[in-house]
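Chemist: Structure file coords30.pdb (PDB, C-alpha atoms and all ligand atoms) right here:
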ATOM      1  CA  MET R   1     102.796 128.418 129.693
ATOM      2  CA  SER R   2     100.517 131.032 131.274
ATOM      3  CA  ASN R   3      96.997 130.307 132.522
ATOM      4  CA  LYS R   4      95.376 133.564 131.443
ATOM      5  CA  GLN R   5      91.653 133.676 130.779
ATOM      6  CA  PHE R   6      90.161 135.604 127.863
ATOM      7  CA  ASP R   7      86.653 136.688 126.914
ATOM      8  CA  VAL R   8      87.513 136.422 123.219
ATOM      9  CA  ILE R   9      90.295 134.668 121.351
ATOM     10  CA  VAL R  10      90.641 135.707 117.718
ATOM     11  CA  ILE R  11      92.488 133.300 115.439
ATOM     12  CA  GLY R  12      94.170 135.214 112.629
ATOM     13  CA  ALA R  13      95.714 138.672 112.814
ATOM     14  CA  GLY R  14      94.841 139.790 109.292
ATOM     15  CA  PRO R  15      92.591 142.796 108.659
ATOM     16  CA  GLY R  16      89.545 140.736 109.670
ATOM     17  CA  GLY R  17      91.101 139.389 112.850
ATOM     18  CA  TYR R  18      92.954 142.349 114.286
ATOM     19  CA  ILE R  19      90.083 144.746 113.662
ATOM     20  CA  GLY R  20      87.715 142.369 115.436
ATOM     21  CA  ALA R  21      90.195 141.961 118.288
ATOM     22  CA  ILE R  22      90.669 145.719 118.666
ATOM     23  CA  ARG R  23      86.906 146.287 118.639
ATOM     24  CA  ALA R  24      86.316 143.617 121.274
ATOM     25  CA  ALA R  25      89.017 145.216 123.448
ATOM     26  CA  GLN R  26      87.414 148.648 122.936
ATOM     27  CA  LEU R  27      84.160 147.141 124.225
ATOM     28  CA  GLY R  28      85.978 146.126 127.389
ATOM     29  CA  MET R  29      86.685 142.477 126.694
ATOM     30  CA  ASN R  30      89.904 140.730 127.537
ATOM     31  CA  VAL R  31      91.161 139.652 124.111
ATOM     32  CA  ALA R  32      93.910 137.495 122.659
ATOM     33  CA  CYS R  33      94.738 137.483 118.953
ATOM     34  CA  ILE R  34      96.715 134.511 117.661
ATOM     35  CA  ASP R  35      98.474 134.178 114.337
ATOM     36  CA  GLU R  36     100.781 131.520 112.937
ATOM     37  CA  TRP R  37     102.432 133.672 110.232
ATOM     38  CA  LYS R  38     106.187 134.030 110.646
ATOM     39  CA  THR R  39     108.890 135.912 108.779
ATOM     40  CA  ALA R  40     111.610 133.971 106.944
ATOM     41  CA  ASP R  41     113.763 134.241 110.082
ATOM     42  CA  GLY R  42     111.009 132.883 112.343
ATOM     43  CA  LYS R  43     109.746 136.108 113.931
ATOM     44  CA  PRO R  44     106.005 136.813 114.401
ATOM     45  CA  ALA R  45     104.440 138.549 111.402
ATOM     46  CA  PRO R  46     100.968 139.849 112.320
ATOM     47  CA  GLY R  47      98.890 141.649 109.696
ATOM     48  CA  GLY R  48      97.920 138.681 107.538
ATOM     49  CA  THR R  49      97.965 138.570 103.760
ATOM     50  CA  CYS R  50      97.516 142.323 103.444
ATOM     51  CA  THR R  51     100.627 143.285 105.398
ATOM     52  CA  ASN R  52     102.868 140.353 104.528
ATOM     53  CA  VAL R  53     102.241 139.559 100.853
ATOM     54  CA  GLY R  54      99.169 141.457  99.601
ATOM     55  CA  CYS R  55      98.201 145.115  99.577
ATOM     56  CA  ILE R  56     101.276 146.690 101.152
ATOM     57  CA  PRO R  57     104.124 144.695  99.490
ATOM     58  CA  SER R  58     102.373 144.732  96.091
ATOM     59  CA  ARG R  59     101.881 148.506  96.335
ATOM     60  CA  ARG R  60     105.567 148.881  97.109
ATOM     61  CA  CYS R  61     106.360 146.885  93.939
ATOM     62  CA  CYS R  62     104.017 149.155  91.912
ATOM     63  CA  ASN R  63     105.725 152.242  93.331
ATOM     64  CA  LEU R  64     109.175 150.860  92.540
ATOM     65  CA  ARG R  65     108.022 150.066  89.004
ATOM     66  CA  SER R  66     106.793 153.626  88.502
ATOM     67  CA  ILE R  67     110.063 154.999  89.900
ATOM     68  CA  THR R  68     112.164 152.831  87.573
ATOM     69  CA  SER R  69     110.107 153.966  84.563
ATOM     70  CA  THR R  70     110.424 157.648  85.519
ATOM     71  CA  PRO R  71     113.213 159.520  83.712
ATOM     72  CA  ALA R  72     116.206 160.365  85.927
ATOM     73  CA  SER R  73     115.770 164.080  85.167
ATOM     74  CA  THR R  74     112.201 163.990  86.531
ATOM     75  CA  LEU R  75     113.320 162.148  89.683
ATOM     76  CA  ALA R  76     116.109 164.711  90.193
ATOM     77  CA  SER R  77     113.655 167.599  89.948
ATOM     78  CA  MET R  78     111.250 165.797  92.348
ATOM     79  CA  ALA R  79     114.094 165.312  94.837
ATOM     80  CA  SER R  80     115.122 168.967  94.736
ATOM     81  CA  ALA R  81     111.514 170.279  95.004
TER      82      ALA R  81
HETATM   83  C1  LIG U 101      98.704 140.416  95.986
HETATM   84  C2  LIG U 101      97.514 140.928  96.782
HETATM   85  C3  LIG U 101      97.223 142.279  96.762
HETATM   86  C4  LIG U 101      96.134 142.771  97.490
HETATM   87  N1  LIG U 101      95.883 144.112  97.452
HETATM   88  C5  LIG U 101      94.821 144.592  98.110
HETATM   89  C6  LIG U 101      94.535 145.993  98.095
HETATM   90  O1  LIG U 101      95.247 146.786  97.475
HETATM   91  N2  LIG U 101      93.457 146.427  98.778
HETATM   92  C7  LIG U 101      92.646 145.578  99.481
HETATM   93  O2  LIG U 101      91.667 146.050 100.077
HETATM   94  N3  LIG U 101      92.903 144.257  99.528
HETATM   95  C8  LIG U 101      93.951 143.739  98.874
HETATM   96  N4  LIG U 101      94.213 142.398  98.912
HETATM   97  C9  LIG U 101      93.293 141.531  99.667
HETATM   98  C10 LIG U 101      93.602 141.565 101.170
HETATM   99  O3  LIG U 101      94.956 141.203 101.404
HETATM  100  C11 LIG U 101      92.650 140.571 101.850
HETATM  101  O4  LIG U 101      91.317 140.911 101.534
HETATM  102  C12 LIG U 101      92.804 140.614 103.353
HETATM  103  O5  LIG U 101      94.121 140.329 103.737
HETATM  104  C13 LIG U 101      91.850 139.575 103.976
HETATM  105  O6  LIG U 101      91.980 139.702 105.378
HETATM  106  P1  LIG U 101      91.616 138.501 106.320
HETATM  107  O7  LIG U 101      91.872 138.953 107.727
HETATM  108  O8  LIG U 101      90.268 138.001 105.981
HETATM  109  O9  LIG U 101      92.604 137.308 105.912
HETATM  110  P2  LIG U 101      94.213 137.256 105.945
HETATM  111  O10 LIG U 101      94.807 138.592 105.730
HETATM  112  O11 LIG U 101      94.574 136.145 105.017
HETATM  113  O12 LIG U 101      94.553 136.838 107.427
HETATM  114  C14 LIG U 101      94.301 135.556 107.927
HETATM  115  C15 LIG U 101      95.316 135.295 109.019
HETATM  116  O13 LIG U 101      94.930 134.135 109.742
HETATM  117  C16 LIG U 101      96.092 133.401 110.059
HETATM  118  N5  LIG U 101      95.687 132.021 110.292
HETATM  119  C17 LIG U 101      94.959 131.242 109.478
HETATM  120  N6  LIG U 101      94.756 130.049 110.054
HETATM  121  C18 LIG U 101      95.367 130.091 111.259
HETATM  122  C19 LIG U 101      95.505 129.155 112.318
HETATM  123  N7  LIG U 101      94.950 127.928 112.261
HETATM  124  N8  LIG U 101      96.212 129.516 113.414
HETATM  125  C20 LIG U 101      96.770 130.770 113.496
HETATM  126  N9  LIG U 101      96.652 131.703 112.510
HETATM  127  C21 LIG U 101      95.972 131.339 111.422
HETATM  128  C22 LIG U 101      97.006 133.566 108.872
HETATM  129  O14 LIG U 101      98.363 133.378 109.228
HETATM  130  C23 LIG U 101      96.737 135.032 108.474
HETATM  131  O15 LIG U 101      97.630 135.934 109.069
HETATM  132  C24 LIG U 101      95.301 141.877  98.235
HETATM  133  C25 LIG U 101      95.615 140.513  98.277
HETATM  134  C26 LIG U 101      96.694 140.034  97.557
HETATM  135  C27 LIG U 101      97.011 138.545  97.607
END
What does this structure look like when you write it as structure tokens?
Modeler:
Amino acid sequence: MSNKQFDVIVIGAGPGGYIGAIRAAQLGMNVACIDEWKTADGKPAPGGTCTNVGCIPSRRCCNLRSITSTPASTLASMASA
């Protein structure tokens, strides 16, 4: 385990946490940002609710839904445009 010292330690790397951490670093502070969220295979998953289950994945579902309800002929013309 390292013995690093930080000016600020942010707990949570969601939109609130990482933006605060980036801003503190921009102001010259030595910053750590810690998050406990992991992917199903145990890898770090920063970004919080928004990146992992909220805004981004739900938008992808909405886009897929609109693609599946779009007629194949329309998709074909979009692809060739
Ligand atoms: C389905 C869904 C769709 C959404 N769509 C939108 C959208 O389109 N637009 C929009 O603006 N917002 C959307 N939101 C809301 C958005 O996701 C939240 O407002 C945003 O994620 C809140 O950010 P946050 O940093 O406050 O919290 P979070 O994103 O929840 O981040 C908190 C982080 O802290 C970590 N944490 C907590 N406790 C600890 C601990 N003790 N130790 C280490 N880490 C810890 C968590 O693992 C997590 O990563 C949506 C939410 C959901 C659920």
Chemist: Check every protein, DNA and RNA residue against ligand LIG 101 (chain U), keep those with an atom at most 6 Å away (counting only C-alpha atoms and all ligand atoms), and present them as a ChimeraX atom specification.
Modeler: /R:11-17,34-37,47-50,54-55,58
Chemist: Between atom CA of R:Lys38 and atom CA of R:Asn52, measure the distance and give it in Å to one decimal.
Modeler: 9.4 Å
Chemist: I'd like the contact shell of stretch 26-30 of chain R - 7 Å cut-off, all atoms listed in the file, skipping same-chain residues fewer than 3 positions apart - returned as number ranges by chain.
Modeler: R: 6-8, 22-23
Chemist: Around all of stretch 72-79 of chain R's listed atoms, make the axis-aligned box with 4 Å on each side and tell me centre and edge lengths in Å to one decimal, as JSON.
Modeler:
{"center_x": 113.7, "center_y": 164.0, "center_z": 90.0, "size_x": 13.0, "size_y": 15.2, "size_z": 17.7}
Chemist: Given the choices R:Ser69, R:Gln5, R:Ser77, R:Thr51, which gets closest to R:Ala32 if the distance is worked out from all atoms listed in the file?
Modeler: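 Among the listed residues, the smallest separation from R:Ala32 belongs to R:Gln5.
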Chemist: What separation in Å, quoted to one decimal, exists between atom CA of R:Ile19 and atom CA of R:Cys61?
Modeler: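 The value is 25.7 Å.
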Chemist: Figure out the distance between atom CA of R:Leu64 and atom CA of R:Ala76, please, to one decimal in Å.
Modeler: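 Those two atoms sit 15.7 Å apart.
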Chemist: Using only C-alpha atoms, which of the listed residues (R:Ile67, R:Cys33, R:Ala45, R:Ala25) sits closest to R:Ile9?
Modeler: R:Cys33
